[in-house]
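Student: Have a look at the structure that comes next, please.
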Amino acid sequence: MIDIKATDRINKAVLDEFRKITKEHGMKYHSTHEGYGVLLEEVQECSEEVQRMGVQLEALWIMIRSDDNERLYDQLEIIRQFALSCAEEAVQVAAVCEKFKETMTAREIFGEKK
């Protein structure tokens, strides 16, 4: 389990990203279809990073099995970078979810069509 302080920093990153996307693109989506489309794109980008990390992990395992220890450090750094990219994409997914929730809340408050 991740440390509570790290979780707090992740939540702050989500809030910062939420503020950025709402400043750049408005406080809510025009429709649930738009919200879904943006969310789908971010989830797909996150998934792509996970897949890339998996490919690099497989390469690491091949190096380990063939006793190719000279490149392990570099390969671990590559995996680390993909993990960080994945974390960044996951923050964007969470921020988009927040914006989508804001959209739904605004619709309920203002009696907009669901």
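A note on labels: chains of the structure tokens are A, B, ... as shown, every chain counts residues from 1, and ligands are counted from 1 in their shown order.
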Region 91-103 of chain A: which residues within 9 Å, counting only C-alpha atoms, same-chain residues fewer than 3 positions away excluded, as a ChimeraX atom specification?
Tutor: /A:10-11,13-19,21-22,27-32,35-36,38-43,46,86-88,106-108
Student: With distances taken over only C-alpha atoms, which of A:Ala6, A:Ile64, A:Ala90, A:Leu57 is nearest to Ile78 (chain A)?
Tutor: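 Selected residue with least distance to Ile78 (chain A): A:Leu57.
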Student: Based on DSSP run over this structure's backbone, return all residues of chain A in alpha helix (DSSP H), as a PDB file with N, CA and C atoms, in the first residue's frame.
Tutor:
ATOM      1  N   ILE A   4       0.384   7.282   2.943  1.00  0.00           N
ATOM      2  CA  ILE A   4      -0.705   8.264   2.974  1.00  0.00           C
ATOM      3  C   ILE A   4      -0.243   9.631   2.464  1.00  0.00           C
ATOM      4  N   LYS A   5       1.003   9.993   2.752  1.00  0.00           N
ATOM      5  CA  LYS A   5       1.517  11.277   2.253  1.00  0.00           C
ATOM      6  C   LYS A   5       1.616  11.271   0.732  1.00  0.00           C
ATOM      7  N   ALA A   6       1.999  10.123   0.178  1.00  0.00           N
ATOM      8  CA  ALA A   6       2.058  10.009  -1.282  1.00  0.00           C
ATOM      9  C   ALA A   6       0.652  10.102  -1.865  1.00  0.00           C
ATOM     10  N   THR A   7      -0.313   9.480  -1.213  1.00  0.00           N
ATOM     11  CA  THR A   7      -1.705   9.575  -1.658  1.00  0.00           C
ATOM     12  C   THR A   7      -2.181  11.020  -1.636  1.00  0.00           C
ATOM     13  N   ASP A   8      -1.828  11.735  -0.592  1.00  0.00           N
ATOM     14  CA  ASP A   8      -2.195  13.159  -0.509  1.00  0.00           C
ATOM     15  C   ASP A   8      -1.590  13.949  -1.667  1.00  0.00           C
ATOM     16  N   ARG A   9      -0.337  13.642  -2.018  1.00  0.00           N
ATOM     17  CA  ARG A   9       0.316  14.351  -3.130  1.00  0.00           C
ATOM     18  C   ARG A   9      -0.347  13.997  -4.460  1.00  0.00           C
ATOM     19  N   ILE A  10      -0.773  12.745  -4.595  1.00  0.00           N
ATOM     20  CA  ILE A  10      -1.472  12.342  -5.818  1.00  0.00           C
ATOM     21  C   ILE A  10      -2.795  13.096  -5.916  1.00  0.00           C
ATOM     22  N   ASN A  11      -3.535  13.161  -4.811  1.00  0.00           N
ATOM     23  CA  ASN A  11      -4.803  13.900  -4.808  1.00  0.00           C
ATOM     24  C   ASN A  11      -4.593  15.366  -5.134  1.00  0.00           C
ATOM     25  N   LYS A  12      -3.500  15.951  -4.656  1.00  0.00           N
ATOM     26  CA  LYS A  12      -3.187  17.346  -4.985  1.00  0.00           C
ATOM     27  C   LYS A  12      -2.882  17.471  -6.470  1.00  0.00           C
ATOM     28  N   ALA A  13      -2.165  16.506  -7.024  1.00  0.00           N
ATOM     29  CA  ALA A  13      -1.869  16.527  -8.460  1.00  0.00           C
ATOM     30  C   ALA A  13      -3.161  16.445  -9.276  1.00  0.00           C
ATOM     31  N   VAL A  14      -4.111  15.627  -8.814  1.00  0.00           N
ATOM     32  CA  VAL A  14      -5.401  15.525  -9.498  1.00  0.00           C
ATOM     33  C   VAL A  14      -6.125  16.867  -9.445  1.00  0.00           C
ATOM     34  N   LEU A  15      -6.137  17.495  -8.279  1.00  0.00           N
ATOM     35  CA  LEU A  15      -6.783  18.796  -8.137  1.00  0.00           C
ATOM     36  C   LEU A  15      -6.116  19.841  -9.030  1.00  0.00           C
ATOM     37  N   ASP A  16      -4.793  19.853  -9.062  1.00  0.00           N
ATOM     38  CA  ASP A  16      -4.065  20.794  -9.918  1.00  0.00           C
ATOM     39  C   ASP A  16      -4.408  20.570 -11.390  1.00  0.00           C
ATOM     40  N   GLU A  17      -4.466  19.310 -11.803  1.00  0.00           N
ATOM     41  CA  GLU A  17      -4.798  18.987 -13.190  1.00  0.00           C
ATOM     42  C   GLU A  17      -6.246  19.362 -13.496  1.00  0.00           C
ATOM     43  N   PHE A  18      -7.147  19.122 -12.543  1.00  0.00           N
ATOM     44  CA  PHE A  18      -8.549  19.514 -12.702  1.00  0.00           C
ATOM     45  C   PHE A  18      -8.652  21.021 -12.920  1.00  0.00           C
ATOM     46  N   ARG A  19      -7.935  21.782 -12.107  1.00  0.00           N
ATOM     47  CA  ARG A  19      -7.953  23.240 -12.252  1.00  0.00           C
ATOM     48  C   ARG A  19      -7.425  23.661 -13.622  1.00  0.00           C
ATOM     49  N   LYS A  20      -6.373  22.997 -14.066  1.00  0.00           N
ATOM     50  CA  LYS A  20      -5.784  23.322 -15.367  1.00  0.00           C
ATOM     51  C   LYS A  20      -6.772  23.041 -16.497  1.00  0.00           C
ATOM     52  N   ILE A  21      -7.391  21.857 -16.487  1.00  0.00           N
ATOM     53  CA  ILE A  21      -8.277  21.521 -17.606  1.00  0.00           C
ATOM     54  C   ILE A  21      -9.551  22.355 -17.590  1.00  0.00           C
ATOM     55  N   THR A  22     -10.031  22.712 -16.407  1.00  0.00           N
ATOM     56  CA  THR A  22     -11.237  23.541 -16.375  1.00  0.00           C
ATOM     57  C   THR A  22     -10.921  24.984 -16.780  1.00  0.00           C
ATOM     58  N   LYS A  23      -9.723  25.434 -16.463  1.00  0.00           N
ATOM     59  CA  LYS A  23      -9.318  26.783 -16.892  1.00  0.00           C
ATOM     60  C   LYS A  23      -9.180  26.830 -18.412  1.00  0.00           C
ATOM     61  N   GLU A  24      -8.617  25.772 -18.984  1.00  0.00           N
ATOM     62  CA  GLU A  24      -8.370  25.746 -20.424  1.00  0.00           C
ATOM     63  C   GLU A  24      -9.623  25.412 -21.239  1.00  0.00           C
ATOM     64  N   HIS A  25     -10.503  24.554 -20.679  1.00  0.00           N
ATOM     65  CA  HIS A  25     -11.615  24.015 -21.474  1.00  0.00           C
ATOM     66  C   HIS A  25     -12.995  24.226 -20.852  1.00  0.00           C
ATOM     67  N   THR A  32     -22.855  14.402 -21.813  1.00  0.00           N
ATOM     68  CA  THR A  32     -22.251  13.192 -21.254  1.00  0.00           C
ATOM     69  C   THR A  32     -21.434  12.468 -22.320  1.00  0.00           C
ATOM     70  N   HIS A  33     -21.850  12.605 -23.579  1.00  0.00           N
ATOM     71  CA  HIS A  33     -21.085  11.989 -24.668  1.00  0.00           C
ATOM     72  C   HIS A  33     -19.685  12.600 -24.766  1.00  0.00           C
ATOM     73  N   GLU A  34     -19.613  13.919 -24.638  1.00  0.00           N
ATOM     74  CA  GLU A  34     -18.306  14.583 -24.677  1.00  0.00           C
ATOM     75  C   GLU A  34     -17.453  14.140 -23.488  1.00  0.00           C
ATOM     76  N   GLY A  35     -18.052  14.127 -22.300  1.00  0.00           N
ATOM     77  CA  GLY A  35     -17.315  13.683 -21.113  1.00  0.00           C
ATOM     78  C   GLY A  35     -16.788  12.275 -21.273  1.00  0.00           C
ATOM     79  N   TYR A  36     -17.635  11.403 -21.799  1.00  0.00           N
ATOM     80  CA  TYR A  36     -17.217  10.016 -22.016  1.00  0.00           C
ATOM     81  C   TYR A  36     -16.072   9.947 -23.017  1.00  0.00           C
ATOM     82  N   GLY A  37     -16.174  10.707 -24.093  1.00  0.00           N
ATOM     83  CA  GLY A  37     -15.125  10.686 -25.108  1.00  0.00           C
ATOM     84  C   GLY A  37     -13.776  11.129 -24.559  1.00  0.00           C
ATOM     85  N   VAL A  38     -13.784  12.186 -23.768  1.00  0.00           N
ATOM     86  CA  VAL A  38     -12.536  12.673 -23.165  1.00  0.00           C
ATOM     87  C   VAL A  38     -11.997  11.642 -22.181  1.00  0.00           C
ATOM     88  N   LEU A  39     -12.883  11.082 -21.366  1.00  0.00           N
ATOM     89  CA  LEU A  39     -12.463  10.064 -20.398  1.00  0.00           C
ATOM     90  C   LEU A  39     -11.899   8.837 -21.108  1.00  0.00           C
ATOM     91  N   LEU A  40     -12.572   8.387 -22.151  1.00  0.00           N
ATOM     92  CA  LEU A  40     -12.100   7.230 -22.917  1.00  0.00           C
ATOM     93  C   LEU A  40     -10.700   7.473 -23.456  1.00  0.00           C
ATOM     94  N   GLU A  41     -10.478   8.648 -24.017  1.00  0.00           N
ATOM     95  CA  GLU A  41      -9.158   8.969 -24.562  1.00  0.00           C
ATOM     96  C   GLU A  41      -8.076   8.897 -23.489  1.00  0.00           C
ATOM     97  N   GLU A  42      -8.357   9.462 -22.321  1.00  0.00           N
ATOM     98  CA  GLU A  42      -7.359   9.455 -21.246  1.00  0.00           C
ATOM     99  C   GLU A  42      -7.103   8.040 -20.721  1.00  0.00           C
ATOM    100  N   VAL A  43      -8.160   7.247 -20.599  1.00  0.00           N
ATOM    101  CA  VAL A  43      -7.990   5.858 -20.142  1.00  0.00           C
ATOM    102  C   VAL A  43      -7.187   5.067 -21.171  1.00  0.00           C
ATOM    103  N   GLN A  44      -7.452   5.286 -22.449  1.00  0.00           N
ATOM    104  CA  GLN A  44      -6.681   4.598 -23.486  1.00  0.00           C
ATOM    105  C   GLN A  44      -5.212   4.989 -23.437  1.00  0.00           C
ATOM    106  N   GLU A  45      -4.933   6.268 -23.217  1.00  0.00           N
ATOM    107  CA  GLU A  45      -3.538   6.707 -23.119  1.00  0.00           C
ATOM    108  C   GLU A  45      -2.852   6.059 -21.918  1.00  0.00           C
ATOM    109  N   CYS A  46      -3.561   5.947 -20.812  1.00  0.00           N
ATOM    110  CA  CYS A  46      -3.011   5.290 -19.624  1.00  0.00           C
ATOM    111  C   CYS A  46      -2.735   3.816 -19.923  1.00  0.00           C
ATOM    112  N   SER A  47      -3.680   3.177 -20.574  1.00  0.00           N
ATOM    113  CA  SER A  47      -3.534   1.767 -20.933  1.00  0.00           C
ATOM    114  C   SER A  47      -2.335   1.549 -21.858  1.00  0.00           C
ATOM    115  N   GLU A  48      -2.133   2.465 -22.798  1.00  0.00           N
ATOM    116  CA  GLU A  48      -0.988   2.363 -23.702  1.00  0.00           C
ATOM    117  C   GLU A  48       0.328   2.424 -22.933  1.00  0.00           C
ATOM    118  N   GLU A  49       0.389   3.269 -21.925  1.00  0.00           N
ATOM    119  CA  GLU A  49       1.603   3.355 -21.114  1.00  0.00           C
ATOM    120  C   GLU A  49       1.845   2.048 -20.358  1.00  0.00           C
ATOM    121  N   VAL A  50       0.777   1.455 -19.849  1.00  0.00           N
ATOM    122  CA  VAL A  50       0.897   0.162 -19.154  1.00  0.00           C
ATOM    123  C   VAL A  50       1.402  -0.905 -20.125  1.00  0.00           C
ATOM    124  N   GLN A  51       0.857  -0.909 -21.340  1.00  0.00           N
ATOM    125  CA  GLN A  51       1.309  -1.879 -22.344  1.00  0.00           C
ATOM    126  C   GLN A  51       2.775  -1.684 -22.678  1.00  0.00           C
ATOM    127  N   ARG A  52       3.190  -0.438 -22.853  1.00  0.00           N
ATOM    128  CA  ARG A  52       4.603  -0.157 -23.151  1.00  0.00           C
ATOM    129  C   ARG A  52       5.498  -0.625 -22.003  1.00  0.00           C
ATOM    130  N   MET A  53       5.035  -0.399 -20.791  1.00  0.00           N
ATOM    131  CA  MET A  53       5.798  -0.845 -19.630  1.00  0.00           C
ATOM    132  C   MET A  53       5.916  -2.366 -19.638  1.00  0.00           C
ATOM    133  N   GLY A  54       4.843  -3.052 -20.006  1.00  0.00           N
ATOM    134  CA  GLY A  54       4.859  -4.513 -20.074  1.00  0.00           C
ATOM    135  C   GLY A  54       5.854  -5.029 -21.093  1.00  0.00           C
ATOM    136  N   VAL A  55       5.945  -4.364 -22.232  1.00  0.00           N
ATOM    137  CA  VAL A  55       6.915  -4.753 -23.260  1.00  0.00           C
ATOM    138  C   VAL A  55       8.336  -4.614 -22.710  1.00  0.00           C
ATOM    139  N   GLN A  56       8.581  -3.514 -22.015  1.00  0.00           N
ATOM    140  CA  GLN A  56       9.912  -3.286 -21.445  1.00  0.00           C
ATOM    141  C   GLN A  56      10.215  -4.269 -20.316  1.00  0.00           C
ATOM    142  N   LEU A  57       9.202  -4.650 -19.573  1.00  0.00           N
ATOM    143  CA  LEU A  57       9.380  -5.645 -18.514  1.00  0.00           C
ATOM    144  C   LEU A  57       9.761  -6.997 -19.118  1.00  0.00           C
ATOM    145  N   GLU A  58       9.125  -7.330 -20.220  1.00  0.00           N
ATOM    146  CA  GLU A  58       9.462  -8.573 -20.913  1.00  0.00           C
ATOM    147  C   GLU A  58      10.911  -8.535 -21.397  1.00  0.00           C
ATOM    148  N   ALA A  59      11.327  -7.382 -21.923  1.00  0.00           N
ATOM    149  CA  ALA A  59      12.720  -7.229 -22.362  1.00  0.00           C
ATOM    150  C   ALA A  59      13.678  -7.380 -21.177  1.00  0.00           C
ATOM    151  N   LEU A  60      13.296  -6.836 -20.035  1.00  0.00           N
ATOM    152  CA  LEU A  60      14.115  -6.977 -18.830  1.00  0.00           C
ATOM    153  C   LEU A  60      14.268  -8.450 -18.461  1.00  0.00           C
ATOM    154  N   TRP A  61      13.178  -9.197 -18.527  1.00  0.00           N
ATOM    155  CA  TRP A  61      13.214 -10.617 -18.180  1.00  0.00           C
ATOM    156  C   TRP A  61      14.125 -11.386 -19.137  1.00  0.00           C
ATOM    157  N   ILE A  62      14.095 -11.031 -20.410  1.00  0.00           N
ATOM    158  CA  ILE A  62      14.988 -11.679 -21.383  1.00  0.00           C
ATOM    159  C   ILE A  62      16.441 -11.385 -21.029  1.00  0.00           C
ATOM    160  N   MET A  63      16.729 -10.150 -20.642  1.00  0.00           N
ATOM    161  CA  MET A  63      18.094  -9.787 -20.233  1.00  0.00           C
ATOM    162  C   MET A  63      18.515 -10.588 -19.008  1.00  0.00           C
ATOM    163  N   ILE A  64      17.627 -10.726 -18.051  1.00  0.00           N
ATOM    164  CA  ILE A  64      17.940 -11.455 -16.820  1.00  0.00           C
ATOM    165  C   ILE A  64      18.212 -12.924 -17.133  1.00  0.00           C
ATOM    166  N   ARG A  65      17.348 -13.519 -17.952  1.00  0.00           N
ATOM    167  CA  ARG A  65      17.515 -14.941 -18.289  1.00  0.00           C
ATOM    168  C   ARG A  65      18.801 -15.194 -19.062  1.00  0.00           C
ATOM    169  N   LEU A  72      20.817  -3.905 -17.476  1.00  0.00           N
ATOM    170  CA  LEU A  72      19.681  -3.960 -16.561  1.00  0.00           C
ATOM    171  C   LEU A  72      19.331  -2.587 -15.968  1.00  0.00           C
ATOM    172  N   TYR A  73      20.358  -1.864 -15.551  1.00  0.00           N
ATOM    173  CA  TYR A  73      20.117  -0.552 -14.946  1.00  0.00           C
ATOM    174  C   TYR A  73      19.369   0.360 -15.909  1.00  0.00           C
ATOM    175  N   ASP A  74      19.853   0.406 -17.160  1.00  0.00           N
ATOM    176  CA  ASP A  74      19.205   1.248 -18.168  1.00  0.00           C
ATOM    177  C   ASP A  74      17.779   0.779 -18.440  1.00  0.00           C
ATOM    178  N   GLN A  75      17.583  -0.522 -18.477  1.00  0.00           N
ATOM    179  CA  GLN A  75      16.249  -1.058 -18.731  1.00  0.00           C
ATOM    180  C   GLN A  75      15.300  -0.727 -17.573  1.00  0.00           C
ATOM    181  N   LEU A  76      15.801  -0.801 -16.365  1.00  0.00           N
ATOM    182  CA  LEU A  76      14.980  -0.423 -15.209  1.00  0.00           C
ATOM    183  C   LEU A  76      14.587   1.050 -15.271  1.00  0.00           C
ATOM    184  N   GLU A  77      15.483   1.890 -15.745  1.00  0.00           N
ATOM    185  CA  GLU A  77      15.165   3.318 -15.886  1.00  0.00           C
ATOM    186  C   GLU A  77      14.081   3.523 -16.945  1.00  0.00           C
ATOM    187  N   ILE A  78      14.145   2.758 -18.016  1.00  0.00           N
ATOM    188  CA  ILE A  78      13.108   2.847 -19.050  1.00  0.00           C
ATOM    189  C   ILE A  78      11.754   2.463 -18.459  1.00  0.00           C
ATOM    190  N   ILE A  79      11.711   1.387 -17.695  1.00  0.00           N
ATOM    191  CA  ILE A  79      10.464   0.953 -17.059  1.00  0.00           C
ATOM    192  C   ILE A  79       9.981   2.022 -16.088  1.00  0.00           C
ATOM    193  N   ARG A  80      10.897   2.596 -15.336  1.00  0.00           N
ATOM    194  CA  ARG A  80      10.546   3.657 -14.387  1.00  0.00           C
ATOM    195  C   ARG A  80       9.903   4.839 -15.107  1.00  0.00           C
ATOM    196  N   GLN A  81      10.466   5.221 -16.240  1.00  0.00           N
ATOM    197  CA  GLN A  81       9.914   6.349 -16.996  1.00  0.00           C
ATOM    198  C   GLN A  81       8.506   6.044 -17.509  1.00  0.00           C
ATOM    199  N   PHE A  82       8.279   4.814 -17.963  1.00  0.00           N
ATOM    200  CA  PHE A  82       6.935   4.435 -18.391  1.00  0.00           C
ATOM    201  C   PHE A  82       5.971   4.431 -17.210  1.00  0.00           C
ATOM    202  N   ALA A  83       6.454   4.013 -16.043  1.00  0.00           N
ATOM    203  CA  ALA A  83       5.608   4.025 -14.839  1.00  0.00           C
ATOM    204  C   ALA A  83       5.213   5.459 -14.478  1.00  0.00           C
ATOM    205  N   LEU A  84       6.162   6.383 -14.582  1.00  0.00           N
ATOM    206  CA  LEU A  84       5.846   7.789 -14.302  1.00  0.00           C
ATOM    207  C   LEU A  84       4.864   8.347 -15.327  1.00  0.00           C
ATOM    208  N   SER A  85       5.050   7.995 -16.588  1.00  0.00           N
ATOM    209  CA  SER A  85       4.107   8.431 -17.622  1.00  0.00           C
ATOM    210  C   SER A  85       2.715   7.866 -17.353  1.00  0.00           C
ATOM    211  N   CYS A  86       2.668   6.623 -16.916  1.00  0.00           N
ATOM    212  CA  CYS A  86       1.400   5.995 -16.571  1.00  0.00           C
ATOM    213  C   CYS A  86       0.743   6.734 -15.399  1.00  0.00           C
ATOM    214  N   ALA A  87       1.530   7.090 -14.410  1.00  0.00           N
ATOM    215  CA  ALA A  87       1.002   7.825 -13.260  1.00  0.00           C
ATOM    216  C   ALA A  87       0.453   9.183 -13.699  1.00  0.00           C
ATOM    217  N   GLU A  88       1.158   9.855 -14.607  1.00  0.00           N
ATOM    218  CA  GLU A  88       0.676  11.137 -15.115  1.00  0.00           C
ATOM    219  C   GLU A  88      -0.652  10.970 -15.843  1.00  0.00           C
ATOM    220  N   GLU A  89      -0.744   9.926 -16.654  1.00  0.00           N
ATOM    221  CA  GLU A  89      -2.001   9.664 -17.369  1.00  0.00           C
ATOM    222  C   GLU A  89      -3.118   9.322 -16.384  1.00  0.00           C
ATOM    223  N   ALA A  90      -2.794   8.577 -15.335  1.00  0.00           N
ATOM    224  CA  ALA A  90      -3.800   8.224 -14.331  1.00  0.00           C
ATOM    225  C   ALA A  90      -4.304   9.474 -13.608  1.00  0.00           C
ATOM    226  N   VAL A  91      -3.424  10.418 -13.362  1.00  0.00           N
ATOM    227  CA  VAL A  91      -3.836  11.696 -12.760  1.00  0.00           C
ATOM    228  C   VAL A  91      -4.807  12.406 -13.699  1.00  0.00           C
ATOM    229  N   GLN A  92      -4.518  12.379 -14.989  1.00  0.00           N
ATOM    230  CA  GLN A  92      -5.429  13.007 -15.952  1.00  0.00           C
ATOM    231  C   GLN A  92      -6.781  12.294 -15.975  1.00  0.00           C
ATOM    232  N   VAL A  93      -6.782  10.970 -15.891  1.00  0.00           N
ATOM    233  CA  VAL A  93      -8.038  10.215 -15.833  1.00  0.00           C
ATOM    234  C   VAL A  93      -8.859  10.677 -14.629  1.00  0.00           C
ATOM    235  N   ALA A  94      -8.208  10.768 -13.477  1.00  0.00           N
ATOM    236  CA  ALA A  94      -8.912  11.179 -12.257  1.00  0.00           C
ATOM    237  C   ALA A  94      -9.440  12.609 -12.382  1.00  0.00           C
ATOM    238  N   ALA A  95      -8.658  13.499 -12.991  1.00  0.00           N
ATOM    239  CA  ALA A  95      -9.090  14.887 -13.164  1.00  0.00           C
ATOM    240  C   ALA A  95     -10.289  14.976 -14.104  1.00  0.00           C
ATOM    241  N   VAL A  96     -10.271  14.183 -15.162  1.00  0.00           N
ATOM    242  CA  VAL A  96     -11.403  14.157 -16.088  1.00  0.00           C
ATOM    243  C   VAL A  96     -12.646  13.625 -15.373  1.00  0.00           C
ATOM    244  N   CYS A  97     -12.470  12.637 -14.519  1.00  0.00           N
ATOM    245  CA  CYS A  97     -13.600  12.134 -13.729  1.00  0.00           C
ATOM    246  C   CYS A  97     -14.177  13.243 -12.855  1.00  0.00           C
ATOM    247  N   GLU A  98     -13.315  14.042 -12.264  1.00  0.00           N
ATOM    248  CA  GLU A  98     -13.783  15.160 -11.436  1.00  0.00           C
ATOM    249  C   GLU A  98     -14.586  16.154 -12.276  1.00  0.00           C
ATOM    250  N   LYS A  99     -14.079  16.474 -13.454  1.00  0.00           N
ATOM    251  CA  LYS A  99     -14.797  17.403 -14.320  1.00  0.00           C
ATOM    252  C   LYS A  99     -16.135  16.799 -14.752  1.00  0.00           C
ATOM    253  N   PHE A 100     -16.147  15.522 -15.051  1.00  0.00           N
ATOM    254  CA  PHE A 100     -17.376  14.839 -15.444  1.00  0.00           C
ATOM    255  C   PHE A 100     -18.384  14.883 -14.287  1.00  0.00           C
ATOM    256  N   LYS A 101     -17.908  14.653 -13.064  1.00  0.00           N
ATOM    257  CA  LYS A 101     -18.789  14.733 -11.889  1.00  0.00           C
ATOM    258  C   LYS A 101     -19.338  16.148 -11.723  1.00  0.00           C
ATOM    259  N   GLU A 102     -18.497  17.160 -11.955  1.00  0.00           N
ATOM    260  CA  GLU A 102     -18.949  18.548 -11.885  1.00  0.00           C
ATOM    261  C   GLU A 102     -20.040  18.807 -12.921  1.00  0.00           C
ATOM    262  N   THR A 103     -19.864  18.240 -14.098  1.00  0.00           N
ATOM    263  CA  THR A 103     -20.873  18.371 -15.149  1.00  0.00           C
ATOM    264  C   THR A 103     -22.202  17.791 -14.683  1.00  0.00           C
ATOM    265  N   MET A 104     -22.151  16.612 -14.091  1.00  0.00           N
ATOM    266  CA  MET A 104     -23.374  15.959 -13.635  1.00  0.00           C
ATOM    267  C   MET A 104     -24.013  16.735 -12.485  1.00  0.00           C
ATOM    268  N   THR A 105     -23.204  17.267 -11.582  1.00  0.00           N
ATOM    269  CA  THR A 105     -23.715  18.066 -10.463  1.00  0.00           C
ATOM    270  C   THR A 105     -24.393  19.328 -10.977  1.00  0.00           C
ATOM    271  N   ALA A 106     -23.760  19.999 -11.939  1.00  0.00           N
ATOM    272  CA  ALA A 106     -24.343  21.221 -12.510  1.00  0.00           C
ATOM    273  C   ALA A 106     -25.678  20.912 -13.170  1.00  0.00           C
ATOM    274  N   ARG A 107     -25.766  19.787 -13.830  1.00  0.00           N
ATOM    275  CA  ARG A 107     -27.025  19.406 -14.482  1.00  0.00           C
ATOM    276  C   ARG A 107     -28.125  19.193 -13.441  1.00  0.00           C
ATOM    277  N   GLU A 108     -27.778  18.590 -12.309  1.00  0.00           N
ATOM    278  CA  GLU A 108     -28.769  18.355 -11.254  1.00  0.00           C
ATOM    279  C   GLU A 108     -29.200  19.669 -10.618  1.00  0.00           C
ATOM    280  N   ILE A 109     -28.242  20.545 -10.335  1.00  0.00           N
ATOM    281  CA  ILE A 109     -28.544  21.826  -9.666  1.00  0.00           C
ATOM    282  C   ILE A 109     -29.393  22.720 -10.564  1.00  0.00           C
TER     283      ILE A 109
END
